[in-house]
$ cat input_34.txt   # compact mmCIF, C-alpha atoms and all ligand atoms
# COMPACT_ATOMS: atom_id res chain seq x y z
CA MET C 810 -43.06 -63.98 50.23
CA PRO C 811 -42.40 -60.28 49.37
CA SER C 812 -44.68 -57.83 51.17
CA PRO C 813 -47.00 -55.60 49.10
CA PHE C 814 -44.77 -52.73 50.19
CA THR C 815 -41.72 -54.34 48.56
CA GLY C 816 -43.73 -54.98 45.41
CA GLY C 817 -44.84 -51.35 45.26
CA LEU C 818 -41.29 -50.16 45.80
CA LEU C 819 -40.03 -52.37 42.99
CA LEU C 820 -42.74 -51.05 40.68
CA LEU C 821 -41.92 -47.45 41.62
CA THR C 822 -38.23 -48.11 40.97
CA ALA C 823 -39.04 -49.62 37.59
CA VAL C 824 -41.21 -46.64 36.63
CA LEU C 825 -38.56 -44.15 37.77
CA PHE C 826 -35.90 -46.07 35.90
CA SER C 827 -37.87 -46.10 32.65
CA CYS C 828 -38.56 -42.35 33.02
CA GLY C 829 -34.85 -41.84 33.47
CA GLN C 830 -34.26 -43.49 30.11
CA ALA C 831 -36.85 -41.42 28.28
CA ASN C 832 -36.48 -38.03 29.92
CA PRO C 833 -33.21 -36.24 29.13
CA ALA C 834 -33.52 -34.28 32.38
CA HIS C 835 -32.75 -37.52 34.24
CA HIS C 836 -29.59 -38.07 32.20
CA PRO C 837 -27.38 -35.17 33.27
CA ALA C 838 -24.01 -34.62 31.62
CA PRO C 839 -20.99 -35.86 33.58
CA GLU C 840 -19.47 -33.19 35.83
CA SER C 841 -16.10 -33.91 34.20
CA PHE C 842 -17.34 -32.15 31.02
CA ALA C 843 -17.10 -28.80 32.83
CA ARG C 844 -13.36 -29.37 33.32
CA MET C 845 -12.62 -30.35 29.71
CA THR C 846 -11.03 -27.92 27.28
CA ASN C 847 -13.08 -26.02 24.74
CA ASP C 848 -9.99 -25.42 22.60
CA TRP C 849 -9.71 -27.63 19.49
CA ASP C 850 -5.92 -27.55 19.78
CA GLN C 851 -5.87 -28.78 23.39
CA LEU C 852 -7.98 -31.92 23.00
CA THR C 853 -6.69 -34.97 24.85
CA GLY C 854 -8.81 -37.70 23.21
CA ASP C 855 -7.32 -40.39 20.97
CA ALA C 856 -8.63 -39.60 17.47
CA GLU C 857 -7.71 -43.04 16.16
CA LEU C 858 -9.72 -44.82 18.88
CA GLY C 859 -12.55 -42.39 18.20
CA ARG C 860 -12.42 -43.27 14.53
CA VAL C 861 -12.65 -47.00 15.24
CA ARG C 862 -15.64 -46.49 17.57
CA ALA C 863 -17.36 -44.13 15.15
CA ARG C 864 -17.05 -46.74 12.41
CA GLN C 865 -18.84 -49.17 14.72
CA LEU C 866 -21.65 -46.87 15.86
CA CYS C 867 -22.35 -44.12 13.36
CA LEU C 868 -22.42 -45.77 9.93
CA GLY C 869 -26.17 -46.40 10.03
CA CYS C 870 -26.77 -42.69 9.52
CA HIS C 871 -23.46 -40.97 8.63
CA VAL C 872 -20.97 -41.90 5.92
CA ILE C 873 -17.40 -42.20 7.22
CA GLU C 874 -14.61 -42.48 4.67
CA ASP C 875 -17.04 -43.60 1.94
CA VAL C 876 -18.52 -46.34 4.15
CA GLY C 877 -22.02 -46.31 5.62
CA ASN C 878 -25.41 -44.85 4.92
CA GLN C 879 -25.96 -41.08 4.81
CA LEU C 880 -29.40 -40.37 6.27
CA SER C 881 -30.93 -37.41 4.44
CA ASP C 882 -31.80 -35.85 7.83
CA ALA C 883 -28.22 -36.19 9.07
CA PRO C 884 -25.41 -33.80 8.12
CA THR C 885 -22.11 -35.07 6.81
CA PHE C 886 -19.35 -34.66 9.40
CA GLU C 887 -17.83 -31.92 7.21
CA GLN C 888 -21.13 -30.00 7.31
CA ALA C 889 -21.58 -30.53 11.05
CA MET C 890 -18.06 -29.37 11.86
CA ALA C 891 -18.44 -26.24 9.72
CA GLU C 892 -21.39 -24.98 11.80
CA ALA C 893 -20.65 -21.71 13.59
CA TYR C 894 -21.91 -23.09 16.92
CA MET C 895 -19.70 -26.18 16.77
CA ASP C 896 -17.09 -26.36 19.53
CA PRO C 897 -15.76 -29.21 21.71
CA ALA C 898 -18.16 -28.41 24.58
CA TYR C 899 -21.19 -28.48 22.30
CA LEU C 900 -19.99 -31.68 20.63
CA ARG C 901 -19.53 -33.46 23.99
CA MET C 902 -23.10 -32.55 25.00
CA TRP C 903 -24.43 -33.61 21.60
CA LEU C 904 -22.70 -37.00 21.64
CA TRP C 905 -23.66 -37.56 25.27
CA ASN C 906 -27.38 -37.06 24.67
CA PRO C 907 -28.63 -35.63 21.34
CA PRO C 908 -32.34 -35.47 22.34
CA ALA C 909 -31.40 -33.34 25.38
CA VAL C 910 -29.73 -30.83 23.05
CA LYS C 911 -32.40 -30.91 20.34
CA VAL C 912 -35.83 -32.20 21.27
CA GLY C 913 -37.21 -34.55 18.65
CA THR C 914 -33.91 -35.20 16.84
CA LEU C 915 -33.57 -38.50 15.02
CA MET C 916 -30.07 -39.04 16.39
CA PRO C 917 -30.41 -41.34 19.39
CA ASP C 918 -28.59 -41.41 22.70
CA LEU C 919 -25.89 -43.99 21.93
CA SER C 920 -24.86 -44.42 25.60
CA LEU C 921 -21.29 -43.32 24.90
CA LYS C 922 -18.97 -43.16 27.89
CA PRO C 923 -17.11 -39.88 28.59
CA ASP C 924 -13.76 -41.27 27.39
CA GLU C 925 -15.36 -42.58 24.20
CA ILE C 926 -16.83 -39.13 23.65
CA GLU C 927 -13.44 -37.46 24.18
CA ASN C 928 -11.89 -39.79 21.59
CA MET C 929 -14.72 -39.11 19.16
CA VAL C 930 -14.43 -35.33 19.62
CA ALA C 931 -10.74 -35.65 18.69
CA PHE C 932 -11.70 -37.73 15.64
CA LEU C 933 -14.43 -35.33 14.48
CA ALA C 934 -12.00 -32.39 14.85
CA ARG C 935 -10.32 -33.76 11.71
CA TYR C 936 -13.40 -32.72 9.72
CA ARG C 937 -13.10 -29.05 10.66
CA PRO C 938 -12.75 -26.63 7.74
CA GLN C 939 -9.19 -25.77 6.79
CA PRO C 940 -8.01 -22.40 8.19
CA ALA C 941 -8.72 -19.41 5.93
CA SER C 942 -5.77 -18.09 3.93
CA ASN C 943 -5.50 -15.01 6.17
CA ASP C 944 -4.32 -17.36 8.93
CA VAL C 945 -1.27 -18.20 6.79
CA PRO C 946 1.82 -16.26 7.95
CA VAL C 947 2.68 -13.22 5.83
CA ASP C 948 6.16 -13.10 4.28
CA PRO C 949 7.87 -10.04 5.91
CA GLU C 950 9.73 -9.13 2.69
CA THR C 951 7.14 -9.60 -0.02
CA HIS C 952 4.09 -9.04 2.26
CA GLU C 953 2.54 -12.02 0.54
CA THR C 954 0.96 -14.94 2.33
CA GLY C 955 2.65 -18.31 2.01
CA SER C 956 -0.19 -19.74 -0.05
CA GLU C 957 0.08 -17.00 -2.70
CA THR C 958 3.85 -17.22 -3.10
CA PRO C 959 4.59 -19.12 -6.33
CA ALA C 960 6.42 -22.36 -5.74
CA ARG C 961 10.12 -22.21 -6.63
CA GLN C 962 11.09 -24.30 -9.64
C1 LIG A 1 -29.88 -43.34 13.92
C2 LIG A 1 -29.14 -42.41 13.11
C3 LIG A 1 -27.90 -41.78 13.65
C4 LIG A 1 -26.81 -42.37 14.24
C5 LIG A 1 -26.59 -43.84 14.55
C6 LIG A 1 -25.85 -41.30 14.49
N1 LIG A 1 -26.36 -40.12 14.07
FE1 LIG A 1 -25.44 -38.32 14.19
N2 LIG A 1 -27.07 -37.41 13.43
C7 LIG A 1 -28.21 -38.05 13.01
C8 LIG A 1 -29.19 -37.07 12.60
C9 LIG A 1 -30.58 -37.36 12.06
C10 LIG A 1 -28.59 -35.82 12.80
C11 LIG A 1 -29.22 -34.44 12.55
C12 LIG A 1 -29.67 -33.98 13.90
C13 LIG A 1 -30.74 -32.94 13.84
O1 LIG A 1 -30.48 -31.84 13.35
O2 LIG A 1 -31.82 -33.25 14.34
C14 LIG A 1 -27.26 -36.06 13.33
C15 LIG A 1 -26.35 -35.06 13.65
C16 LIG A 1 -25.06 -35.30 14.05
C17 LIG A 1 -24.08 -34.26 14.32
C18 LIG A 1 -24.32 -32.74 14.17
C19 LIG A 1 -25.01 -32.22 15.40
C20 LIG A 1 -25.33 -30.73 15.33
O3 LIG A 1 -26.04 -30.26 16.22
O4 LIG A 1 -24.90 -30.04 14.42
C21 LIG A 1 -22.93 -34.89 14.67
C22 LIG A 1 -21.61 -34.23 15.02
C23 LIG A 1 -23.19 -36.30 14.67
N3 LIG A 1 -24.50 -36.51 14.29
C24 LIG A 1 -22.26 -37.26 14.98
C25 LIG A 1 -22.57 -38.60 15.12
C26 LIG A 1 -21.62 -39.58 15.59
C27 LIG A 1 -20.17 -39.32 15.94
C28 LIG A 1 -22.28 -40.78 15.63
C29 LIG A 1 -21.77 -42.11 16.11
C30 LIG A 1 -21.29 -42.14 17.46
C31 LIG A 1 -23.64 -40.54 15.17
N4 LIG A 1 -23.77 -39.21 14.87
C32 LIG A 1 -24.61 -41.50 15.06
C33 LIG A 1 -28.43 -39.41 13.00
C34 LIG A 1 -27.60 -40.35 13.55
$ encode --input "input_34.txt" --output "structure tokens" --more "lines below"
Ligand code: HEC
Amino acid sequence: MPSPFTGGLLLLTAVLFSCGQANPAHHPAPESFARMTNDWDQLTGDAELGRVRARQLCLGCHVIEDVGNQLSDAPTFEQAMAEAYMDPAYLRMWLWNPPAVKVGTLMPDLSLKPDEIENMVAFLARYRPQPASNDVPVDPETHETGSETPARQ
């Protein structure tokens, strides 16, 4: 028969465990995040795997490729990726544990693993705004940008 001490310990463990689920402070980000790139062009995730996973997990609240349900409280991925604060490091933290980033948010912790997050960051990068026209190389002869040069017939 278990001693009262064992019973108390089990109860304490159960209470601590349930706190860990509810309190973002007990759900720290993986240390590997600190070593991941914050450069959109250096991402190592597999965007296609991220896309498949996103279409399994996110469609309840975000539309992806015309499928799913767009919650009025949730941004479209285009809107989210156009935010000035959006970078890979922020996105990892968000996908890891939304309530830890924004207290009271309706987006739940979906228990994504770090590699799933990396794939999803690569997928979401596709929704970033197109570069502004001043990023287009300037023609050294005409001093016009590529986008303004009329197409040859
Ligand atoms: C239960 C609904 C729900 C699900 C499921 C959900 N989201 Fe969200 N998502 C939201 C809401 C609501 C917001 C707006 C958050 C806020 O501002 O409080 C949001 C915001 C976001 C943002 C923008 C965050 C920011 O700070 O700008 C991204 C990116 C995002 N979601 C991606 C995803 C991805 C990827 C999935 C699937 C893995 C997903 N969401 C699943 C509801 C959801």
$ atom_distance --input "input_34.txt" --atom1 "atom CA of Leu904 of chain C" --atom2 "atom CA of Gln939 of chain C"
23.0 Å
$ atom_distance --input "input_34.txt" --atom1 "atom C30 of ligand LIG 1 (chain A)" --atom2 "atom CA of Leu900 of chain C"
11.0 Å
$ closest_residue --input "input_34.txt" --among "C:Ala898, C:Tyr936, C:Ala856, C:Glu840" --to "Val910 of chain C" --atoms "all atoms listed in the file"
C:Ala898
$ atom_distance --input "input_34.txt" --atom1 "atom CA of Pro837 of chain C" --atom2 "atom CA of Ile873 of chain C"
28.8 Å
$ residues_near_ligand --input "input_34.txt" --ligand "ligand LIG 1 (chain A)" --cutoff "6 Å" --atoms "only C-alpha atoms and all ligand atoms" --output "compact mmCIF listing (two decimals) with C-alpha atoms, in the frame of the given file"
# COMPACT_ATOMS: atom_id res chain seq x y z
CA ALA C 863 -17.36 -44.13 15.15
CA LEU C 866 -21.65 -46.87 15.86
CA CYS C 867 -22.35 -44.12 13.36
CA GLY C 869 -26.17 -46.40 10.03
CA CYS C 870 -26.77 -42.69 9.52
CA ASP C 882 -31.80 -35.85 7.83
CA ALA C 883 -28.22 -36.19 9.07
CA PRO C 884 -25.41 -33.80 8.12
CA ALA C 889 -21.58 -30.53 11.05
CA THR C 914 -33.91 -35.20 16.84
CA LEU C 915 -33.57 -38.50 15.02
CA MET C 916 -30.07 -39.04 16.39
CA PRO C 917 -30.41 -41.34 19.39
$ residues_around --input "input_34.txt" --residues "segment 925-935 of chain C" --least-positions-apart "2" --cutoff "7 Å" --atoms "only C-alpha atoms" --output "mmCIF file with C-alpha atoms, keeping the file's coordinate frame"
data_model
loop_
_atom_site.group_PDB
_atom_site.id
_atom_site.type_symbol
_atom_site.label_atom_id
_atom_site.label_comp_id
_atom_site.auth_asym_id
_atom_site.auth_seq_id
_atom_site.Cartn_x
_atom_site.Cartn_y
_atom_site.Cartn_z
ATOM 1 C CA LEU C 852 -7.980 -31.920 23.000
ATOM 2 C CA GLY C 854 -8.810 -37.700 23.210
ATOM 3 C CA ASP C 855 -7.320 -40.390 20.970
ATOM 4 C CA ALA C 856 -8.630 -39.600 17.470
ATOM 5 C CA GLU C 857 -7.710 -43.040 16.160
ATOM 6 C CA LEU C 858 -9.720 -44.820 18.880
ATOM 7 C CA GLY C 859 -12.550 -42.390 18.200
ATOM 8 C CA ARG C 860 -12.420 -43.270 14.530
ATOM 9 C CA ALA C 863 -17.360 -44.130 15.150
ATOM 10 C CA PRO C 897 -15.760 -29.210 21.710
ATOM 11 C CA LEU C 900 -19.990 -31.680 20.630
ATOM 12 C CA ARG C 901 -19.530 -33.460 23.990
ATOM 13 C CA LEU C 904 -22.700 -37.000 21.640
ATOM 14 C CA LEU C 921 -21.290 -43.320 24.900
ATOM 15 C CA LYS C 922 -18.970 -43.160 27.890
ATOM 16 C CA PRO C 923 -17.110 -39.880 28.590
ATOM 17 C CA ARG C 937 -13.100 -29.050 10.660
#
$ closest_residue --input "input_34.txt" --among "C:Leu919, C:Lys911, C:Tyr899, C:Pro949" --to "Met845 of chain C" --atoms "only C-alpha atoms"
C:Tyr899
$ residues_around --input "input_34.txt" --residues "Asp896 of chain C" --least-positions-apart "6" --cutoff "10 Å" --atoms "all atoms listed in the file" --output "count of residues only"
7
$ decode --input "input_34.txt" --residues "segment 860-905 of chain C" --atoms "N, CA and C atoms" --output "compact mmCIF listing (two decimals), in the first residue's frame"
# COMPACT_ATOMS: atom_id res chain seq x y z
N ARG C 860 3.86 23.52 -44.89
CA ARG C 860 2.56 23.75 -45.51
C ARG C 860 1.59 22.61 -45.19
N VAL C 861 2.08 21.39 -45.30
CA VAL C 861 1.23 20.22 -45.02
C VAL C 861 0.75 20.26 -43.57
N ARG C 862 1.68 20.55 -42.64
CA ARG C 862 1.33 20.58 -41.21
C ARG C 862 0.37 21.73 -40.92
N ALA C 863 0.62 22.87 -41.56
CA ALA C 863 -0.25 24.03 -41.32
C ALA C 863 -1.68 23.71 -41.79
N ARG C 864 -1.78 22.97 -42.88
CA ARG C 864 -3.12 22.63 -43.38
C ARG C 864 -3.79 21.58 -42.50
N GLN C 865 -3.04 20.97 -41.60
CA GLN C 865 -3.66 20.07 -40.62
C GLN C 865 -4.09 20.83 -39.37
N LEU C 866 -3.30 21.84 -38.98
CA LEU C 866 -3.47 22.43 -37.65
C LEU C 866 -4.09 23.82 -37.60
N CYS C 867 -4.02 24.57 -38.68
CA CYS C 867 -4.34 25.99 -38.57
C CYS C 867 -5.68 26.37 -39.21
N LEU C 868 -6.30 25.45 -39.94
CA LEU C 868 -7.47 25.80 -40.75
C LEU C 868 -8.70 26.15 -39.92
N GLY C 869 -8.70 25.81 -38.63
CA GLY C 869 -9.84 26.17 -37.79
C GLY C 869 -9.98 27.68 -37.64
N CYS C 870 -8.87 28.39 -37.80
CA CYS C 870 -8.86 29.83 -37.52
C CYS C 870 -8.22 30.68 -38.61
N HIS C 871 -7.45 30.08 -39.50
CA HIS C 871 -6.80 30.83 -40.58
C HIS C 871 -7.12 30.14 -41.91
N VAL C 872 -7.45 30.93 -42.91
CA VAL C 872 -7.64 30.36 -44.25
C VAL C 872 -6.26 30.15 -44.89
N ILE C 873 -6.05 28.97 -45.46
CA ILE C 873 -4.82 28.70 -46.21
C ILE C 873 -5.22 28.24 -47.60
N GLU C 874 -4.79 29.00 -48.59
CA GLU C 874 -5.09 28.66 -49.99
C GLU C 874 -6.59 28.40 -50.18
N ASP C 875 -7.39 29.33 -49.70
CA ASP C 875 -8.85 29.30 -49.87
C ASP C 875 -9.54 28.18 -49.10
N VAL C 876 -8.82 27.46 -48.25
CA VAL C 876 -9.43 26.42 -47.43
C VAL C 876 -9.40 26.89 -45.97
N GLY C 877 -10.43 26.53 -45.21
CA GLY C 877 -10.43 26.81 -43.78
C GLY C 877 -11.39 27.91 -43.39
N ASN C 878 -11.27 28.30 -42.13
CA ASN C 878 -12.20 29.25 -41.54
C ASN C 878 -11.38 30.42 -41.01
N GLN C 879 -11.65 31.64 -41.51
CA GLN C 879 -10.90 32.80 -41.04
C GLN C 879 -11.60 33.41 -39.84
N LEU C 880 -11.03 33.19 -38.66
CA LEU C 880 -11.56 33.78 -37.43
C LEU C 880 -11.42 35.29 -37.54
N SER C 881 -12.47 36.03 -37.14
CA SER C 881 -12.36 37.49 -37.29
C SER C 881 -11.26 38.06 -36.40
N ASP C 882 -10.91 37.38 -35.31
CA ASP C 882 -9.84 37.86 -34.43
C ASP C 882 -8.46 37.51 -34.96
N ALA C 883 -8.39 36.64 -35.94
CA ALA C 883 -7.09 36.18 -36.43
C ALA C 883 -6.73 36.91 -37.73
N PRO C 884 -5.45 37.30 -37.88
CA PRO C 884 -5.05 37.93 -39.13
C PRO C 884 -4.93 36.87 -40.24
N THR C 885 -5.00 37.33 -41.49
CA THR C 885 -4.61 36.43 -42.57
C THR C 885 -3.09 36.29 -42.48
N PHE C 886 -2.53 35.27 -43.10
CA PHE C 886 -1.07 35.12 -43.05
C PHE C 886 -0.39 36.29 -43.78
N GLU C 887 -1.04 36.82 -44.83
CA GLU C 887 -0.46 37.99 -45.52
C GLU C 887 -0.35 39.17 -44.54
N GLN C 888 -1.45 39.41 -43.79
CA GLN C 888 -1.43 40.51 -42.83
C GLN C 888 -0.36 40.29 -41.76
N ALA C 889 -0.31 39.06 -41.23
CA ALA C 889 0.63 38.78 -40.14
C ALA C 889 2.07 39.00 -40.62
N MET C 890 2.35 38.54 -41.84
CA MET C 890 3.73 38.60 -42.31
C MET C 890 4.13 40.01 -42.75
N ALA C 891 3.15 40.91 -42.88
CA ALA C 891 3.45 42.29 -43.25
C ALA C 891 3.72 43.16 -42.03
N GLU C 892 3.51 42.61 -40.83
CA GLU C 892 3.75 43.41 -39.61
C GLU C 892 5.23 43.77 -39.49
N ALA C 893 5.48 45.00 -39.03
CA ALA C 893 6.87 45.47 -38.94
C ALA C 893 7.69 44.62 -37.96
N TYR C 894 7.03 44.10 -36.93
CA TYR C 894 7.80 43.33 -35.92
C TYR C 894 8.06 41.89 -36.35
N MET C 895 7.50 41.47 -37.47
CA MET C 895 7.58 40.06 -37.83
C MET C 895 8.97 39.68 -38.34
N ASP C 896 9.62 38.78 -37.65
CA ASP C 896 10.88 38.20 -38.13
C ASP C 896 10.92 36.73 -37.69
N PRO C 897 11.86 35.95 -38.21
CA PRO C 897 11.85 34.51 -37.89
C PRO C 897 11.90 34.24 -36.38
N ALA C 898 12.68 35.04 -35.63
CA ALA C 898 12.80 34.79 -34.19
C ALA C 898 11.46 35.01 -33.49
N TYR C 899 10.78 36.09 -33.88
CA TYR C 899 9.46 36.34 -33.28
C TYR C 899 8.50 35.22 -33.63
N LEU C 900 8.52 34.81 -34.90
CA LEU C 900 7.57 33.79 -35.37
C LEU C 900 7.79 32.46 -34.66
N ARG C 901 9.06 32.09 -34.43
CA ARG C 901 9.33 30.85 -33.68
C ARG C 901 8.69 30.92 -32.30
N MET C 902 8.91 32.06 -31.61
CA MET C 902 8.38 32.21 -30.25
C MET C 902 6.85 32.17 -30.28
N TRP C 903 6.28 32.83 -31.28
CA TRP C 903 4.81 32.86 -31.39
C TRP C 903 4.26 31.45 -31.59
N LEU C 904 4.83 30.72 -32.53
CA LEU C 904 4.31 29.38 -32.83
C LEU C 904 4.57 28.41 -31.68
N TRP C 905 5.66 28.65 -30.95
CA TRP C 905 5.99 27.79 -29.81
C TRP C 905 4.93 27.95 -28.71
